[in-house]
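Shown next: entry.txt, containing compact mmCIF, C-alpha atoms (C1' of nucleotides).
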# COMPACT_ATOMS: atom_id res chain seq x y z
CA MET A 20 103.59 63.16 96.40
CA ASP A 21 105.29 65.86 98.43
CA THR A 22 108.21 68.26 98.22
CA LYS A 23 110.63 65.34 98.58
CA THR A 24 109.42 63.91 95.30
CA LEU A 25 109.82 67.22 93.51
CA CYS A 26 113.35 67.57 94.89
CA LEU A 27 114.14 64.09 93.57
CA GLY A 28 112.66 65.14 90.24
CA ALA A 29 114.82 68.27 90.24
CA LEU A 30 117.92 66.19 90.99
CA SER A 31 117.03 63.77 88.21
CA LEU A 32 117.77 66.71 85.90
CA GLY A 33 121.18 67.17 87.47
CA ASP A 34 122.95 67.74 90.77
CA ALA A 35 121.90 70.93 92.53
CA SER A 36 122.01 72.91 95.78
CA GLY A 37 118.97 73.77 97.87
CA TYR A 38 119.12 77.33 96.58
CA GLU A 39 119.25 76.17 92.94
CA ILE A 40 116.30 73.85 93.52
CA LYS A 41 114.38 76.77 94.98
CA LYS A 42 115.15 78.76 91.83
CA MET A 43 113.62 75.97 89.76
CA PHE A 44 110.37 76.36 91.69
CA GLU A 45 110.54 80.13 91.67
CA GLU A 46 110.96 81.28 88.09
CA GLY A 47 112.15 78.26 86.26
CA THR A 48 111.47 74.69 85.38
CA PHE A 49 108.57 74.00 87.72
CA SER A 50 107.23 77.45 88.40
CA HIS A 51 103.97 77.21 86.56
CA PHE A 52 102.81 73.89 87.95
CA TYR A 53 104.40 73.26 91.37
CA ASP A 54 105.06 75.68 94.17
CA ALA A 55 107.47 75.17 97.07
CA GLY A 56 109.49 77.42 99.38
CA TYR A 57 112.64 77.22 101.48
CA GLY A 58 110.63 76.19 104.51
CA SER A 59 109.70 72.92 102.79
CA ILE A 60 112.70 72.36 100.47
CA TYR A 61 115.43 72.25 103.13
CA PRO A 62 113.55 69.95 105.49
CA ALA A 63 112.69 67.74 102.49
CA LEU A 64 116.37 67.54 101.43
CA ASN A 65 117.32 66.64 105.00
CA ARG A 66 114.73 63.88 105.08
CA LEU A 67 115.96 62.57 101.72
CA LEU A 68 119.52 62.55 103.13
CA THR A 69 118.42 60.67 106.22
CA GLU A 70 116.62 58.12 104.06
CA GLY A 71 119.61 57.60 101.78
CA LEU A 72 117.77 58.82 98.68
CA VAL A 73 120.29 61.60 98.05
CA THR A 74 123.90 62.35 98.95
CA CYS A 75 125.42 65.73 99.69
CA THR A 76 128.85 67.27 98.94
CA GLU A 77 130.07 70.60 100.33
CA VAL A 78 131.70 72.73 97.65
CA GLU A 79 133.86 75.80 98.27
CA GLN A 80 133.39 78.71 95.87
CA GLU A 81 135.29 81.92 95.18
CA ASN A 82 133.57 85.04 96.47
CA ARG A 83 130.58 82.99 97.41
CA PRO A 84 129.48 81.13 100.48
CA LEU A 85 129.97 77.39 100.84
CA LYS A 86 127.50 75.37 98.79
CA LYS A 87 125.90 71.99 99.45
CA VAL A 88 125.39 70.08 96.23
CA TYR A 89 122.90 67.21 96.36
CA SER A 90 122.94 64.11 94.12
CA MET A 91 120.42 61.32 93.61
CA THR A 92 121.22 57.80 94.68
CA GLY A 93 119.95 54.79 92.78
CA THR A 94 117.45 54.27 95.58
CA GLY A 95 116.35 57.86 95.12
CA MET A 96 115.69 57.29 91.43
CA ALA A 97 113.67 54.18 92.22
CA LYS A 98 111.61 56.17 94.73
CA LEU A 99 111.02 58.94 92.19
CA LYS A 100 109.75 56.45 89.63
CA ALA A 101 107.53 54.77 92.21
CA ASP A 102 106.01 58.10 93.26
CA LEU A 103 105.43 59.08 89.63
CA SER A 104 103.61 55.81 89.03
CA GLU A 105 100.95 56.40 91.65
CA GLU A 106 97.57 57.95 91.04
CA PRO A 107 97.92 61.74 91.09
CA SER A 108 95.91 63.63 93.65
CA ARG A 109 93.77 66.54 92.53
CA ASP A 110 95.26 69.87 91.48
CA LYS A 111 95.50 72.46 94.23
CA THR A 112 95.19 76.14 93.47
CA ARG A 113 95.04 79.31 95.52
CA SER A 114 94.73 82.65 93.82
CA GLU A 115 94.20 85.68 96.01
CA SER A 116 93.95 87.82 92.88
CA ILE A 117 90.95 85.82 91.66
CA VAL A 118 89.37 85.93 95.14
CA MET A 119 89.61 89.69 95.03
CA MET A 120 88.10 89.82 91.57
CA PHE A 121 85.28 87.53 92.71
CA PHE A 122 84.45 89.91 95.58
CA SER A 123 85.25 93.01 93.54
CA HIS A 124 81.94 94.61 94.56
CA LEU A 125 83.42 94.95 98.03
CA ILE A 126 86.55 96.87 97.03
CA GLY A 127 87.36 100.22 95.53
CA SER A 128 87.77 100.73 91.80
CA ALA A 129 91.40 101.84 92.07
CA HIS A 130 92.30 98.57 93.77
CA ARG A 131 90.32 96.62 91.21
CA GLU A 132 92.26 98.20 88.33
CA GLU A 133 95.52 97.54 90.12
CA ILE A 134 94.79 93.87 90.67
CA LEU A 135 93.64 93.38 87.12
CA GLN A 136 96.66 95.08 85.58
CA SER A 137 99.07 93.18 87.84
CA TYR A 138 97.38 89.92 86.95
CA ILE A 139 97.58 90.63 83.21
CA ASP A 140 101.27 91.48 83.64
CA TYR A 141 101.80 88.24 85.57
CA TYR A 142 100.34 86.15 82.76
CA ARG A 143 102.08 88.08 79.99
CA LYS A 144 105.41 87.65 81.78
CA GLY A 145 104.62 83.96 82.20
CA VAL A 146 104.04 83.63 78.45
CA ASP A 147 107.38 85.32 77.73
CA CYS A 148 109.14 83.15 80.26
CA ILE A 149 107.77 79.90 78.82
CA GLU A 150 108.44 81.01 75.26
CA ASN A 151 112.06 81.63 76.19
CA ILE A 152 112.46 77.98 77.09
CA ASP A 153 113.88 76.19 74.06
CA PRO A 154 111.98 72.91 73.73
CA THR A 155 114.41 71.39 71.25
CA GLY A 156 115.78 68.06 72.30
CA GLN A 157 113.86 67.91 75.56
CA PRO A 158 111.83 64.87 76.48
CA PHE A 159 108.37 64.83 74.88
CA GLY A 160 106.66 65.15 78.24
CA ARG A 161 108.55 68.28 79.01
CA GLN A 162 107.65 69.76 75.62
CA PHE A 163 104.03 68.84 76.22
CA VAL A 164 103.97 70.58 79.57
CA ARG A 165 105.58 73.66 78.07
CA GLY A 166 102.85 73.79 75.44
CA LEU A 167 100.13 73.33 78.05
CA GLY A 168 101.51 76.18 80.16
CA LEU A 169 101.63 78.40 77.08
CA ALA A 170 98.07 77.55 76.04
CA VAL A 171 96.67 78.26 79.50
CA TYR A 172 98.67 81.43 80.12
CA LYS A 173 97.78 82.88 76.74
CA ALA A 174 94.10 82.10 77.18
CA ALA A 175 94.07 83.71 80.61
CA ALA A 176 95.91 86.86 79.45
CA LYS A 177 93.62 87.17 76.44
CA TYR A 178 90.47 86.83 78.50
CA LEU A 179 91.68 89.31 81.12
CA GLU A 180 92.53 91.89 78.48
CA GLU A 181 89.33 91.47 76.47
CA ASN A 182 86.94 91.52 79.39
CA LYS A 183 88.42 94.17 81.66
CA ASP A 184 85.35 96.34 81.16
CA LEU A 185 83.17 93.73 82.85
CA LEU A 186 85.33 93.78 85.98
CA LEU A 187 85.91 97.50 86.08
CA SER A 188 82.37 98.70 85.40
CA ASP A 189 80.42 99.99 88.34
CA GLU A 190 77.50 98.22 89.82
CA GLU A 191 74.55 100.22 91.05
CA GLU A 192 74.47 98.30 94.27
CA ARG A 193 78.12 98.79 95.09
CA ASP A 194 78.24 99.98 98.66
CA ILE A 195 81.71 101.40 98.52
CA GLY A 196 83.16 103.44 95.73
CA ASP A 197 86.36 105.35 95.29
CA ALA A 198 86.07 106.63 98.82
CA ALA A 199 87.53 103.38 100.19
CA MET B 11 94.90 86.20 103.20
CA ASP B 12 94.15 82.84 104.76
CA THR B 13 91.28 80.42 105.16
CA LYS B 14 89.60 82.79 107.63
CA THR B 15 89.22 85.40 104.90
CA LEU B 16 87.71 82.88 102.52
CA CYS B 17 85.26 81.74 105.21
CA LEU B 18 84.26 85.37 105.73
CA GLY B 19 83.83 85.68 101.96
CA ALA B 20 81.68 82.56 101.92
CA LEU B 21 79.52 83.93 104.75
CA SER B 22 79.17 87.25 102.92
CA LEU B 23 77.15 85.23 100.39
CA GLY B 24 74.86 83.95 103.13
CA ASP B 25 74.86 82.09 106.45
CA ALA B 26 76.35 78.60 106.25
CA SER B 27 77.65 75.62 108.24
CA GLY B 28 81.23 74.38 108.16
CA TYR B 29 80.16 71.50 105.95
CA GLU B 30 78.40 73.83 103.49
CA ILE B 31 81.44 76.07 103.35
CA LYS B 32 83.57 73.02 102.56
CA LYS B 33 81.19 72.19 99.72
CA MET B 34 81.79 75.67 98.29
CA PHE B 35 85.51 74.92 98.13
CA GLU B 36 85.02 71.39 96.88
CA GLU B 37 82.82 71.50 93.84
CA GLY B 38 81.16 74.87 93.98
CA THR B 39 81.65 78.56 94.16
CA PHE B 40 85.37 78.67 94.91
CA SER B 41 86.54 75.33 93.60
CA HIS B 42 88.52 76.50 90.64
CA PHE B 43 90.50 79.22 92.33
CA TYR B 44 90.83 78.48 96.05
CA ASP B 45 91.39 75.17 97.81
CA ALA B 46 90.75 74.44 101.48
CA GLY B 47 89.88 71.36 103.53
CA TYR B 48 88.18 70.52 106.82
CA GLY B 49 91.50 70.65 108.64
CA SER B 50 91.77 74.37 107.94
CA ILE B 51 88.09 75.39 107.71
CA TYR B 52 87.02 74.31 111.19
CA PRO B 53 89.98 75.84 113.01
CA ALA B 54 89.48 79.00 110.94
CA LEU B 55 85.80 79.20 111.93
CA ASN B 56 86.75 78.72 115.57
CA ARG B 57 89.29 81.53 115.35
CA LEU B 58 86.72 83.78 113.68
CA LEU B 59 84.31 82.98 116.53
CA THR B 60 86.92 83.78 119.16
CA GLU B 61 87.69 87.06 117.45
CA GLY B 62 84.02 88.07 117.23
CA LEU B 63 84.03 88.16 113.42
CA VAL B 64 81.26 85.55 113.15
CA THR B 65 78.49 84.20 115.33
CA CYS B 66 77.21 80.64 115.49
CA THR B 67 73.73 79.16 116.00
CA GLU B 68 73.04 75.45 116.57
CA VAL B 69 70.13 74.23 114.45
CA GLU B 70 68.25 70.95 114.93
CA GLN B 71 67.25 69.11 111.78
CA GLU B 72 65.00 66.17 111.00
CA ASN B 73 66.83 62.99 110.09
CA ARG B 74 70.07 64.87 110.14
CA PRO B 75 72.66 65.63 112.75
CA LEU B 76 72.75 68.93 114.59
CA LYS B 77 74.09 71.78 112.45
CA LYS B 78 76.12 74.84 113.38
CA VAL B 79 75.19 77.79 111.19
CA TYR B 80 77.67 80.66 111.10
CA SER B 81 76.83 84.33 110.38
CA MET B 82 79.03 87.34 109.73
CA THR B 83 79.15 90.18 112.21
CA GLY B 84 79.64 93.80 111.11
CA THR B 85 83.23 93.53 112.36
CA GLY B 86 83.64 90.45 110.20
CA MET B 87 82.50 92.31 107.12
CA ALA B 88 84.92 95.14 107.87
CA LYS B 89 87.73 92.58 108.20
CA LEU B 90 86.79 90.96 104.90
CA LYS B 91 86.89 94.27 103.09
CA ALA B 92 90.21 95.15 104.69
CA ASP B 93 91.73 91.82 103.63
CA LEU B 94 90.41 92.21 100.09
CA SER B 95 92.00 95.63 99.86
CA GLU B 96 95.54 94.41 100.48
CA GLU B 97 98.04 93.51 97.80
CA PRO B 98 97.39 89.94 96.68
CA SER B 99 100.19 87.45 97.12
CA ARG B 100 101.27 85.35 94.15
CA ASP B 101 99.14 82.46 92.89
CA LYS B 102 100.00 79.06 94.29
CA THR B 103 99.56 75.93 92.24
CA ARG B 104 100.38 72.28 92.68
CA SER B 105 99.53 69.79 90.01
CA GLU B 106 100.78 66.23 90.46
CA SER B 107 99.29 65.35 87.09
CA ILE B 108 101.49 67.91 85.36
CA VAL B 109 104.53 66.76 87.35
CA MET B 110 103.92 63.25 86.07
CA MET B 111 103.54 64.47 82.51
CA PHE B 112 106.77 66.47 82.86
CA PHE B 113 108.64 63.36 83.91
CA SER B 114 106.67 61.09 81.61
CA HIS B 115 109.88 59.54 80.23
CA LEU B 116 110.26 57.87 83.64
CA ILE B 117 106.88 56.14 83.68
CA GLY B 118 105.12 53.47 81.68
CA SER B 119 102.94 54.28 78.73
CA ALA B 120 99.78 52.82 80.28
CA HIS B 121 100.14 55.16 83.25
CA ARG B 122 100.81 58.07 80.90
CA GLU B 123 97.58 57.42 79.01
CA GLU B 124 95.66 57.10 82.24
CA ILE B 125 96.92 60.39 83.61
CA LEU B 126 96.26 62.20 80.36
CA GLN B 127 92.72 60.87 80.03
CA SER B 128 91.88 61.62 83.66
CA TYR B 129 93.23 65.13 83.26
CA ILE B 130 91.17 65.74 80.11
CA ASP B 131 88.08 64.46 81.94
CA TYR B 132 88.86 66.74 84.87
CA TYR B 133 88.96 69.81 82.65
CA ARG B 134 85.92 68.82 80.61
CA LYS B 135 83.94 68.30 83.80
CA GLY B 136 85.18 71.67 85.05
CA VAL B 137 83.91 73.32 81.87
CA ASP B 138 80.48 71.68 82.30
CA CYS B 139 80.37 72.66 85.96
CA ILE B 140 81.17 76.32 85.27
CA GLU B 141 78.76 76.47 82.35
CA ASN B 142 76.00 75.24 84.63
CA ILE B 143 76.43 78.28 86.82
CA ASP B 144 73.89 80.89 85.68
CA PRO B 145 75.69 84.24 85.67
CA THR B 146 72.52 86.30 85.37
CA GLY B 147 72.19 88.92 88.06
CA GLN B 148 75.43 88.08 89.79
CA PRO B 149 77.93 90.77 90.63
CA PHE B 150 80.17 91.68 87.68
CA GLY B 151 83.28 90.39 89.45
CA ARG B 152 81.71 87.02 89.87
CA GLN B 153 80.70 86.91 86.22
CA PHE B 154 84.22 87.89 85.25
CA VAL B 155 85.74 85.10 87.31
CA ARG B 156 83.30 82.59 85.81
CA GLY B 157 84.39 83.67 82.33
CA LEU B 158 88.07 83.43 83.27
CA GLY B 159 87.62 79.92 84.63
CA LEU B 160 85.84 78.91 81.45
CA ALA B 161 88.48 80.40 79.16
CA VAL B 162 91.31 78.65 81.02
CA TYR B 163 89.59 75.29 81.39
CA LYS B 164 88.58 75.21 77.72
CA ALA B 165 92.07 76.12 76.55
CA ALA B 166 93.61 73.41 78.74
CA ALA B 167 91.18 70.72 77.61
CA LYS B 168 91.65 71.70 73.98
CA TYR B 169 95.42 71.60 74.22
CA LEU B 170 95.41 68.25 76.04
CA GLU B 171 93.16 66.68 73.41
CA GLU B 172 94.98 68.08 70.42
CA ASN B 173 98.48 67.26 71.59
CA LYS B 174 98.05 63.83 73.22
CA ASP B 175 100.29 62.28 70.56
CA LEU B 176 103.22 64.32 71.78
CA LEU B 177 102.87 62.99 75.30
CA LEU B 178 102.07 59.43 74.35
CA SER B 179 104.69 58.88 71.70
CA ASP B 180 107.70 56.84 72.64
CA GLU B 181 111.12 58.27 73.02
CA GLU B 182 114.11 56.27 71.90
CA GLU B 183 115.91 56.98 75.09
CA ARG B 184 113.10 55.89 77.37
CA ASP B 185 114.64 53.55 79.88
CA ILE B 186 111.41 51.96 80.99
CA GLY B 187 108.59 50.94 78.77
CA ASP B 188 105.39 48.99 79.28
CA ALA B 189 107.18 46.59 81.57
CA ALA B 190 106.84 49.04 84.48
C1' DT C 12 72.36 41.10 112.04
C1' DT C 13 76.35 42.91 110.18
C1' DG C 14 78.82 45.38 106.87
C1' DT C 15 79.11 48.66 103.23
C1' DC C 16 77.80 52.69 100.96
C1' DT C 17 75.93 57.31 100.72
C1' DA C 18 74.66 61.79 102.60
C1' DT C 19 74.75 65.23 106.11
C1' DA C 20 77.37 67.01 110.02
C1' DT C 21 81.42 68.27 113.41
C1' DA C 22 85.95 67.52 114.80
C1' DT C 23 90.97 66.18 115.44
C1' DC C 24 95.99 65.02 115.01
C1' DG C 25 100.90 63.88 113.53
C1' DA C 26 103.32 65.38 109.75
C1' DA C 27 104.21 68.79 106.39
C1' DA C 28 104.19 73.33 104.75
C1' DT C 29 104.12 78.54 105.19
C1' DG C 30 105.98 83.06 105.35
C1' DA C 31 108.93 85.52 107.44
C1' DT C 32 113.08 85.88 109.22
C1' DA C 33 118.00 85.00 110.45
C1' DT C 34 122.75 84.30 109.28
C1' DA C 35 126.80 84.09 106.20
C1' DT C 36 129.98 85.54 102.15
C1' DA C 37 130.60 88.99 98.80
C1' DT C 38 130.08 93.47 95.96
C1' DC C 39 128.55 98.11 95.12
C1' DA C 40 126.56 102.76 95.92
C1' DA C 41 125.10 106.54 98.83
C1' DT D 9 128.37 102.88 107.90
C1' DT D 10 124.12 101.56 105.95
C1' DG D 11 121.24 99.62 102.49
C1' DA D 12 120.59 96.93 98.44
C1' DT D 13 121.61 92.95 95.68
C1' DA D 14 123.16 88.19 94.79
C1' DT D 15 124.43 83.68 96.33
C1' DA D 16 123.86 80.38 100.06
C1' DT D 17 121.89 77.63 104.27
C1' DA D 18 118.73 77.41 107.86
C1' DT D 19 114.79 77.96 111.25
C1' DC D 20 110.37 78.72 113.78
C1' DA D 21 105.48 79.92 115.34
C1' DT D 22 101.56 79.37 112.92
C1' DT D 23 98.68 77.24 109.59
C1' DT D 24 97.42 73.60 106.75
C1' DC D 25 97.09 68.76 105.16
C1' DG D 26 95.18 64.29 104.64
C1' DA D 27 93.47 60.97 106.89
C1' DT D 28 90.70 59.62 110.25
C1' DA D 29 87.09 59.57 113.89
C1' DT D 30 82.46 60.23 115.45
C1' DA D 31 77.47 61.09 114.97
C1' DT D 32 72.62 60.89 112.71
C1' DA D 33 70.15 58.71 109.16
C1' DG D 34 68.72 55.67 105.23
C1' DA D 35 69.36 52.02 101.75
C1' DC D 36 71.08 47.71 100.22
C1' DA D 37 73.53 43.19 100.16
C1' DA D 38 75.38 39.13 102.38

As structure tokens, please, write out the structure in this file.
Amino acid sequence: MDTKTLCLGALSLGDASGYEIKKMFEEGTFSHFYDAGYGSIYPALNRLLTEGLVTCTEVEQENRPLKKVYSMTGTGMAKLKADLSEEPSRDKTRSESIVMMFFSHLIGSAHREEILQSYIDYYRKGVDCIENIDPTGQPFGRQFVRGLGLAVYKAAAKYLEENKDLLLSDEEERDIGDAA
Amino acid sequence: MDTKTLCLGALSLGDASGYEIKKMFEEGTFSHFYDAGYGSIYPALNRLLTEGLVTCTEVEQENRPLKKVYSMTGTGMAKLKADLSEEPSRDKTRSESIVMMFFSHLIGSAHREEILQSYIDYYRKGVDCIENIDPTGQPFGRQFVRGLGLAVYKAAAKYLEENKDLLLSDEEERDIGDAA
DNA sequence: TTGTCTATATATCGAAATGATATATATCAA
DNA sequence: TTGATATATATCATTTCGATATATAGACAA
């Protein structure tokens, strides 16, 4: 599974431009479980075009630049279903915030507080964002994923808030303090 | 922050070979918050060598191939601290399992069950793995991260187990069933 | 003996992704 | 006029990915 598959998935929800698909990854439909940027979305859409899995229509807009709207072909839908029927590979995660908390003995306490507060905010905003999605009438899988995101984000926010003292307390062997 | 920084972080915990560092990403120290493979670890180590941030000693072993053990230099430690003191970029996540659950209306019910069960097992194993790490005497940040991982993994496993009916129930508008 | 599997090790490569940036069409404020 | 914002498409040097290769061993089955 690669960005092509996710673009097909996005288009299975309705025709969209590259920019709109990026929005879905950014702070929308897919944001809490799949990450992709312009540098992979546009090449993926071009590959899908070349392979006949999507079609593309240029649309003129008022007060806005020209827009390319992509649609799935029947072959594209078949490919999406085939990809979804494979064995999933393992989850991939990279969190610089957690790395910094792991090595928090190597950084100053002001930075530590900053990272922690930003991370709490990130999860609280994520909870709000997911809660604002109305699950009514959506496919069961989509409702399930919404609930999973909520459960995880709430648990993370709760833990971060309740255990901040552990992260922020000073260790006797810390070799840099507020002087850093 | 890139794989070089994480390799420096790994070496701040003690000298190690490329293979041992990979193990830390795979099912060890970093596995639930930072992902990296051989294809990025070895080039990163070579770049660190070129830049004088690590040194490397070849060690002969009995019944085992030659091993290259890497150590941090003082410059390497300074670089690690500098990297850890920057603003963290946003978390990156990719979960094919969740993608498949999101589009579960497009796949057969046997595959749905399989994915769900594998995902529950994955989280349950993660909980066991983290619980087996003894937090005693570790830096507070490391203890904090262990607790965060536990909180999140438990919440995910709990949700998955308690809501499996939602994912596995049939929708009237499903256009493929067990025939796929 | 060969093949397969496992574990410990280092390494590589074509394809994909990254992060930053560029460009374009608009609007608005300083 | 410049800078910021929003909507849009696109690109590029660098890094990463996933699979694979190679090496040193040992164990086991055909």

Using 9 Å as the limit and counting all atoms listed in the file, can you tabulate each residue of chain A that touches chain D, with its shortest atom-to-atom distance in Å and the two atoms involved, as a Markdown table?
| residue | atom | partner | partner_atom | distance |
| --- | --- | --- | --- | --- |
| A:Ser36 | CA | D:DA16 | C1' | 8.8 |
| A:Gly37 | CA | D:DT17 | C1' | 8.0 |
| A:Tyr38 | CA | D:DA16 | C1' | 6.6 |
| A:Tyr57 | CA | D:DA18 | C1' | 8.8 |
| A:Gly58 | CA | D:DT19 | C1' | 8.1 |
| A:Tyr61 | CA | D:DA18 | C1' | 7.7 |
| A:Arg83 | CA | D:DT15 | C1' | 6.3 |
| A:Pro84 | CA | D:DA16 | C1' | 5.7 |
| A:Leu85 | CA | D:DA16 | C1' | 6.8 |
| A:Lys86 | CA | D:DA16 | C1' | 6.3 |
| A:Lys87 | CA | D:DT17 | C1' | 8.4 |

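Proximity ranking of C:DA40, C:DC24, C:DA31, C:DA18 relative to chain A places C:DA31 first, based on only C-alpha atoms (C1' of nucleotides).
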
Please tabulate, as a tab-separated table, the residues of chain C that come within 9 Å of chain B, each with its closest pair of atoms and the distance in Å to one decimal, counting all atoms listed in the file and ordering rows by chain, then residue number upward.
residue	atom	partner	partner_atom	distance
C:DT19	C1'	B:Arg74	CA	6.2
C:DA20	C1'	B:Pro75	CA	5.6
C:DT21	C1'	B:Gly28	CA	8.1
C:DA22	C1'	B:Tyr52	CA	7.8
C:DT23	C1'	B:Gly49	CA	8.2

### Query
Rounded to one decimal in Å, what is the spacing between atom CA of B:Gly38 and atom CA of B:Ile140?
8.8 Å

### Task
Could you please determine the separation between atom CA of B:Arg100 and atom CA of A:Ala175 in Å, to one decimal place?
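So the answer is 15.4 Å.
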